[in-house]
Amino acid sequence: MTKVVIDPITRIEGHLRITCVVENGKVTDAWNTATLFRGFEIFMKNRDPKGIWQFAQRICGVCPTPHAFNSLKAVETALGVDKVSDSARLVRNMMEACQIGYDHILWFYQLNGFDYVNVPDALNAKAATPGLKAVQDQVKAVVDSGQLGPFANMYWDHPGYKLTPELNLEVTAHYLQALGVQQLANDAATMLGGRYPMIHNYVPGGVVQMPSIETIEFYKSNMAQVKDFIDTVMVPDLLAVAPFYLDLATYGQGVGNFLTWGVLDEKSQDPYDRLFPRGGIFDGKLELQKVDPDQTRQFTKTSYYGDDVGAGKHPLDVGQEPIQFTQLPPIEGEGLPQGKYDWTQATRYGDQNRPMEVGPLAQMLVAYLSGRPEAKTLVDSTLAAVGHAGDPMVLVSNLGRLAARVLKAKINADNALRWADDLLANIGGGDTTVYNELDYSRDGTGKGGWDAPRGALCHYTRIKDGKIDTYAAVPPSNWNLSPRDDSGKRGPVEEALVGTPVVDPAKPLEILRTVHTFDP
Amino acid sequence: MEHEEMSLFPGLSRRDFLKTCGALAGLIGLSGPMAVPKVAEALEQLAKRPAVVWSLFQECLGCSVNLLQSRKPAPANLILQQISLNYHEAVMAAAGDQAEKSFNDTVNSGDFYYIVEGAIATTPKEAITIHGKTAADIVTSTYKKAKATICIGSCSCYGNIQAAAPNPTGAKGVGDFLRQDAGIPDAVVINSPRCPGNADDTVAILLYVLVNKKLPELDSIGRPKFLFGVTVHDNCERRGHFDNGEFVQVFGDEGSDKGWCLYKVGCKGPVTYAPCPKTRWNGQHGWPVTSGGPCIGCAEPDFWDKLTPFYDKAPGFHIPGDITPAQIGVGLGALTAVGIGAHFIGQAATGRLFKGGPVEGKEEEAGPKEGGK
Ligand code: SF4
Ligand code: SF4
């Protein structure tokens, strides 16, 4: 048996250690440990409900917008308001479209790219265009300088890198180009929200103002360019790279349960009628089920909280105290995590306490099974392209997770202009209400349920006497990076790691790949 | 898109390079005919790209995300051509032991600048660990070897959100931690607060240090004076509306559409020292107030406790609501009693301020009471 520890897992948001046991070239057991604790649910208590979303969006600087949205929604529903004005809905959708657009581009190129693209090998390519030659010269300048910077010490000699030098060069060029394209989406978010990350135009009850026509046109122009990049660079890159890595379809299957609360409201503001609708898939059976955020349960026997703090309770009844920190076994040596090993609670769904995979794969599968035409067309054509027409189960793998994010980015970008056009139509028709003041004298319990780019995200709150009495946030990583629950069942990433091949335990590239497909 | 169209990288033309130098010179407060050549020369003379180690502690990655929004230089240019970003967990290719090697190789060389994003946990220190080491231990030993330590974002400067009451992890800014807990009473770090830390600040401070080969002049809480010397309110483009008593009363009202002052819906611009209105954000496409939402004071220490509720009027700053125009005529003594800035008083003295100015009775007329459109 070989113990493999990767700490830090890089190119993610957050702090993560992965511990694996490797036997006969395969992972046979795995543990994930979030190595950061901040205590949001503790310091969000007793605050003013109207401004609590400003706290909430600091949970994640990569995806502040859906955290902000969830917080607004939790407060609104606690105070008895289920819907905002149609124009407020559209402004929030536009913000979210920017968020998803930038995030999935960043994830595909900046966070995942180095797992598949061998940058130094780009030097061996015959550069087909002057632009590619220029990129190659710059890579050469970095390599020749002896200061490899962010490229240093990677497993570049690992046999798992399969692309041709030409493709390595091409995708490296797109990596650099993508840095500019993500700015286009974030500039649009900045025109609407004042800056990015950490926006300023949200408020419970709507948004703070109707964007100017100039701002809406700016958004349209930028998102059209984002869409163009996704259509002409990112989707072709996926299709060019995937054939070299078809082995990714053979591992990383995970727990076979999928959950999404949905994201991007249509006019009805019904979560089952979203561009990416709400829904669940259980036990690997591709049948769509309704799901309820109040069926979320948390366990803490293996987390740094008292055993009975979780015990299957609803997130609002769990809280984050008390802290029972115990030292992890050292990186060196044989010791494996035992007992408590994670700051994350084990998050499970429903009576059977199922671990649930969340993220673009869940979102795409649910959209597909819900019969959303955008998702059906894209998934069917992708399945046909990889020779698996009519068999969406083949997507349940590392390869499927990679593909799902790209397809989702495309659907998001294809619809981004629709929100803006509908808003312009509202303005034209005189329907310009963007804000309705809430009644903060009420008490109540509310919840969000609106996915982050990385998957199911729900905030819950109890409001009492005009203050936040209790607040709980269950982000996608709480699902995907759940530790073992009280019955010993592994979390989704832990489960997906089991079976991952490891050619060289000193260079665990394949483990990184599996973890990164979840975009933690 | 054609590769030929790609202008971010590789490299800048000479013209663009000099333009960048000009922008940077402006940012770090150099002016005059020698400013651009001085910056250009300093950049060109760097035989080696300055090595940078960037630690992430109790953070949300927002500061790094904003760094990716940098324009002059663009991020690829900054990361690969201007500096050598040897360690940044969200950017670097290597992970685990190999990432740790990158960290150790650079830190042990002693030839690097240290940037910190995120706060330091003290109770327990293990609330943040990387490669089995606590942030507290990492920051202490790395600070000692770095040529300069720059704290980007309010978390590393002052603890920020995780330090909000009751501060469950005893989170602290790097400077305070080093001075109070790590036995380095004379520790000096450059604080570049705001939440997120602003990409242009990061670049400007790095450039300042590289070009001038010394730390910028700092205020009493470690902020470079060249960036954080004035309040948001003093440079705000809505200031004229404030002075005229034209306020947004309710979000979405007529004043919202007209871009009136956000003071009455909670703007903390008057009590916040930051360059937002001047430098703006994300390629200068906006800053918080341009969205129609109030400034929350994110550059100020402990703003989560001291400047909340966010939609209440800025504490410690009052427009002279209880004073009638007639009383104003009597003397300025009453004004100083309400704790407003010298700038404000100056305007009052010249009579500009109360030309239909911000007096409670008056301002009610300035905007419609019922908003919610
Ligand atoms: S300063 Fe703000 S944006 Fe930066 S890491 Fe801290 S919370 Fe995130
Ligand atoms: S109160 Fe805010 S919006 Fe009004 S002028 Fe000052 S900074 Fe600008």
# chains A, B, ... in the order shown; residues from 1 in each chain; ligands from 1

$ residues_near_ligand --ligand "ligand 1" --cutoff "6 Å" --atoms "only C-alpha atoms and all ligand atoms" --output "PDB file with N, CA, C and O atoms, in the first residue's frame"
ATOM      1  N   ARG A  58     -19.140  37.037   0.482  1.00  0.00           N
ATOM      2  CA  ARG A  58     -17.717  36.788   0.795  1.00  0.00           C
ATOM      3  C   ARG A  58     -17.431  35.320   1.106  1.00  0.00           C
ATOM      4  O   ARG A  58     -16.302  34.966   1.422  1.00  0.00           O
ATOM      5  N   GLY A  61     -15.132  34.238  -3.334  1.00  0.00           N
ATOM      6  CA  GLY A  61     -14.797  35.337  -4.237  1.00  0.00           C
ATOM      7  C   GLY A  61     -14.784  34.923  -5.689  1.00  0.00           C
ATOM      8  O   GLY A  61     -14.665  35.760  -6.579  1.00  0.00           O
TER       9      GLY A  61
ATOM     10  N   GLU B  59      -9.326  33.327   3.349  1.00  0.00           N
ATOM     11  CA  GLU B  59      -9.722  34.217   2.262  1.00  0.00           C
ATOM     12  C   GLU B  59     -10.818  33.564   1.457  1.00  0.00           C
ATOM     13  O   GLU B  59     -11.202  32.436   1.730  1.00  0.00           O
ATOM     14  N   CYS B  60     -11.264  34.288   0.426  1.00  0.00           N
ATOM     15  CA  CYS B  60     -12.299  33.756  -0.453  1.00  0.00           C
ATOM     16  C   CYS B  60     -11.837  33.743  -1.897  1.00  0.00           C
ATOM     17  O   CYS B  60     -12.612  33.451  -2.792  1.00  0.00           O
ATOM     18  N   LEU B  61     -10.572  34.119  -2.140  1.00  0.00           N
ATOM     19  CA  LEU B  61      -9.960  34.190  -3.470  1.00  0.00           C
ATOM     20  C   LEU B  61     -10.418  35.403  -4.267  1.00  0.00           C
ATOM     21  O   LEU B  61      -9.985  35.606  -5.397  1.00  0.00           O
ATOM     22  N   GLY B  62     -11.273  36.227  -3.700  1.00  0.00           N
ATOM     23  CA  GLY B  62     -11.770  37.381  -4.439  1.00  0.00           C
ATOM     24  C   GLY B  62     -10.669  38.339  -4.857  1.00  0.00           C
ATOM     25  O   GLY B  62     -10.714  38.929  -5.941  1.00  0.00           O
ATOM     26  N   CYS B  63      -9.671  38.519  -4.005  1.00  0.00           N
ATOM     27  CA  CYS B  63      -8.579  39.435  -4.353  1.00  0.00           C
ATOM     28  C   CYS B  63      -7.824  38.921  -5.580  1.00  0.00           C
ATOM     29  O   CYS B  63      -7.474  39.697  -6.474  1.00  0.00           O
ATOM     30  N   GLU B 117      -2.821  37.248   0.834  1.00  0.00           N
ATOM     31  CA  GLU B 117      -4.272  37.435   0.708  1.00  0.00           C
ATOM     32  C   GLU B 117      -4.885  36.531   1.777  1.00  0.00           C
ATOM     33  O   GLU B 117      -4.632  35.336   1.817  1.00  0.00           O
ATOM     34  N   GLY B 118      -5.658  37.118   2.668  1.00  0.00           N
ATOM     35  CA  GLY B 118      -6.296  36.292   3.695  1.00  0.00           C
ATOM     36  C   GLY B 118      -5.753  36.566   5.086  1.00  0.00           C
ATOM     37  O   GLY B 118      -4.620  37.004   5.265  1.00  0.00           O
ATOM     38  N   GLY B 153      -5.921  43.194   0.089  1.00  0.00           N
ATOM     39  CA  GLY B 153      -7.283  42.919   0.540  1.00  0.00           C
ATOM     40  C   GLY B 153      -7.419  43.080   2.043  1.00  0.00           C
ATOM     41  O   GLY B 153      -6.467  42.907   2.804  1.00  0.00           O
ATOM     42  N   SER B 154      -8.637  43.397   2.467  1.00  0.00           N
ATOM     43  CA  SER B 154      -8.853  43.718   3.869  1.00  0.00           C
ATOM     44  C   SER B 154      -8.600  42.536   4.810  1.00  0.00           C
ATOM     45  O   SER B 154      -8.326  42.732   5.988  1.00  0.00           O
ATOM     46  N   CYS B 155      -8.677  41.295   4.304  1.00  0.00           N
ATOM     47  CA  CYS B 155      -8.441  40.145   5.181  1.00  0.00           C
ATOM     48  C   CYS B 155      -7.016  40.129   5.716  1.00  0.00           C
ATOM     49  O   CYS B 155      -6.794  40.009   6.922  1.00  0.00           O
ATOM     50  N   CYS B 195     -12.135  45.148  -0.177  1.00  0.00           N
ATOM     51  CA  CYS B 195     -12.625  43.773  -0.229  1.00  0.00           C
ATOM     52  C   CYS B 195     -13.478  43.615  -1.470  1.00  0.00           C
ATOM     53  O   CYS B 195     -14.636  43.975  -1.458  1.00  0.00           O
ATOM     54  N   PRO B 196     -12.937  43.113  -2.570  1.00  0.00           N
ATOM     55  CA  PRO B 196     -11.603  42.543  -2.716  1.00  0.00           C
ATOM     56  C   PRO B 196     -10.513  43.597  -2.796  1.00  0.00           C
ATOM     57  O   PRO B 196     -10.801  44.766  -3.051  1.00  0.00           O
ATOM     58  N   GLY B 197      -9.270  43.157  -2.593  1.00  0.00           N
ATOM     59  CA  GLY B 197      -8.139  43.992  -2.920  1.00  0.00           C
ATOM     60  C   GLY B 197      -8.191  44.305  -4.403  1.00  0.00           C
ATOM     61  O   GLY B 197      -8.658  43.500  -5.193  1.00  0.00           O
TER      62      GLY B 197
END

$ select_by_dssp --residues "segment 275-467 of chain A" --states "helix (DSSP H, G or I)" --output "count of residues only"
69

$ residues_near_ligand --ligand "ligand 2" --cutoff "7 Å" --atoms "only C-alpha atoms and all ligand atoms" --output "short mmCIF file (atom, residue, chain, number, x, y, z; two decimals) with N, CA and C atoms, in the first residue's frame"
data_model
loop_
_atom_site.label_atom_id
_atom_site.label_comp_id
_atom_site.auth_asym_id
_atom_site.auth_seq_id
_atom_site.Cartn_x
_atom_site.Cartn_y
_atom_site.Cartn_z
N VAL B 232 -13.62 58.43 -0.04
CA VAL B 232 -14.40 58.14 -1.23
C VAL B 232 -15.30 59.33 -1.56
N HIS B 233 -15.92 59.84 -0.54
CA HIS B 233 -16.86 60.96 -0.65
C HIS B 233 -16.21 62.18 -1.32
N CYS B 236 -16.10 61.51 -5.06
CA CYS B 236 -17.26 60.86 -5.67
C CYS B 236 -17.92 61.75 -6.72
N GLU B 237 -18.28 61.13 -7.83
CA GLU B 237 -18.93 61.90 -8.89
C GLU B 237 -20.36 62.32 -8.52
N ARG B 238 -20.90 61.74 -7.45
CA ARG B 238 -22.25 62.15 -7.01
C ARG B 238 -22.18 63.25 -5.94
N ARG B 239 -20.97 63.72 -5.68
CA ARG B 239 -20.79 64.68 -4.62
C ARG B 239 -21.62 65.95 -4.84
N HIS B 241 -24.51 66.15 -6.04
CA HIS B 241 -25.88 65.88 -5.60
C HIS B 241 -25.96 65.90 -4.08
N PHE B 242 -24.93 65.39 -3.44
CA PHE B 242 -24.89 65.47 -1.98
C PHE B 242 -24.96 66.93 -1.56
N CYS B 261 -27.22 61.14 -4.84
CA CYS B 261 -26.34 60.69 -3.74
C CYS B 261 -26.98 59.57 -2.92
N LEU B 262 -26.16 58.61 -2.49
CA LEU B 262 -26.65 57.42 -1.79
C LEU B 262 -26.50 57.52 -0.27
N TYR B 263 -26.17 58.70 0.20
CA TYR B 263 -25.94 58.88 1.64
C TYR B 263 -27.09 58.35 2.49
N CYS B 267 -24.72 54.98 2.24
CA CYS B 267 -23.37 55.06 1.67
C CYS B 267 -22.33 55.42 2.74
N LYS B 268 -21.24 54.65 2.78
CA LYS B 268 -20.18 54.88 3.76
C LYS B 268 -19.01 55.65 3.16
N GLY B 269 -19.23 56.18 1.94
CA GLY B 269 -18.18 56.96 1.29
C GLY B 269 -17.62 58.08 2.15
N PRO B 270 -18.46 58.76 2.93
CA PRO B 270 -17.94 59.88 3.71
C PRO B 270 -16.94 59.48 4.80
N VAL B 289 -20.42 52.74 -6.25
CA VAL B 289 -21.49 53.74 -6.34
C VAL B 289 -22.07 53.83 -7.76
N PRO B 294 -24.85 51.51 -2.37
CA PRO B 294 -23.95 52.30 -1.54
C PRO B 294 -22.59 51.66 -1.32
N CYS B 295 -21.59 52.51 -1.10
CA CYS B 295 -20.28 52.06 -0.62
C CYS B 295 -20.47 51.45 0.75
#

$ atom_distance --atom1 "atom CA of Lys125 of chain B" --atom2 "atom CA of Phe37 of chain A"
10.1 Å

$ residues_around --residues "Asp257 of chain B" --least-positions-apart "2" --cutoff "12 Å" --atoms "only C-alpha atoms" --output "PyMOL selection string"
(chain A and resi 208-213+432-434) or (chain B and resi 247-255+259-262+290-293+367-368+371-373)

$ atom_distance --atom1 "atom CA of Leu497 of chain A" --atom2 "atom CA of Val358 of chain A"
15.6 Å

$ atom_distance --atom1 "atom CA of Leu328 of chain A" --atom2 "atom CA of Tyr341 of chain A"
6.4 Å

$ residues_around --residues "segment 488-495 of chain A" --least-positions-apart "5" --cutoff "8 Å" --atoms "only C-alpha atoms" --output "PyMOL selection string"
chain A and resi 29-32+252+254-255+346+355-357+479-483+514-515+518

$ write_last_selection --atoms "C-alpha atoms" --output "compact mmCIF listing (two decimals), in the first residue's frame"
# COMPACT_ATOMS: atom_id res chain seq x y z
CA ASP A 29 -9.55 4.57 -0.52
CA ALA A 30 -9.68 8.33 -0.21
CA TRP A 31 -10.33 11.16 2.25
CA ASN A 32 -10.88 14.85 1.54
CA GLY A 252 -14.48 9.06 -11.59
CA GLY A 254 -18.75 8.78 -8.10
CA VAL A 255 -21.92 8.19 -6.09
CA ALA A 346 -21.06 15.45 5.80
CA PRO A 355 -24.41 11.64 -0.72
CA MET A 356 -25.20 13.80 -3.76
CA GLU A 357 -22.96 14.95 -6.59
CA TRP A 479 -21.96 18.26 -1.01
CA ASN A 480 -19.09 17.22 -3.26
CA LEU A 481 -16.37 17.41 -0.61
CA SER A 482 -18.42 15.87 2.18
CA PRO A 483 -16.37 13.61 4.40
CA THR A 514 -10.49 13.60 -10.73
CA VAL A 515 -10.60 16.25 -8.00
CA PHE A 518 -15.54 18.70 -9.51

$ residues_around --residues "Val39 of chain B" --least-positions-apart "6" --cutoff "9 Å" --atoms "only C-alpha atoms" --output "list of chain:residue names"
B:Leu18, B:Cys21, B:Gly22, B:Leu24, B:Ala25, B:Leu30, B:Leu207, B:Val211

$ residues_around --residues "Asp351 of chain A" --least-positions-apart "6" --cutoff "10 Å" --atoms "only C-alpha atoms" --output "ChimeraX atom specification"
/A:295-297,312

$ residues_around --residues "Glu23 of chain A" --least-positions-apart "4" --cutoff "10 Å" --atoms "only C-alpha atoms" --output "list in words"
Met1, Thr2, Lys3, Val27, Thr28, Asp29, Gly499, Pro501, Val502 and Pro505 of chain A

$ closest_residue --among "B:Lys264, B:His318, B:Arg280, B:Lys213" --to "Tyr113 of chain B" --atoms "only C-alpha atoms"
B:Lys213

$ closest_residue --among "A:Ile59, A:Ile281, A:Leu275, A:Leu423" --to "chain B" --atoms "only C-alpha atoms"
A:Ile59

$ select_by_dssp --residues "segment 93-325 of chain B" --states "strand (DSSP E or B)" --output "list of chain:residue names"
B:Tyr113, B:Tyr114, B:Ile115, B:Val116, B:Glu117, B:Ala119, B:Ile120, B:Ile128, B:Thr129, B:Ile130, B:Lys133, B:Thr134, B:Thr149, B:Ile150, B:Cys151, B:Ile152, B:Lys172, B:Ile190, B:Asn191, B:Ser192, B:Leu218, B:Pro224, B:Thr231, B:Phe247, B:Cys261, B:Tyr273, B:Trp281, B:Gly286
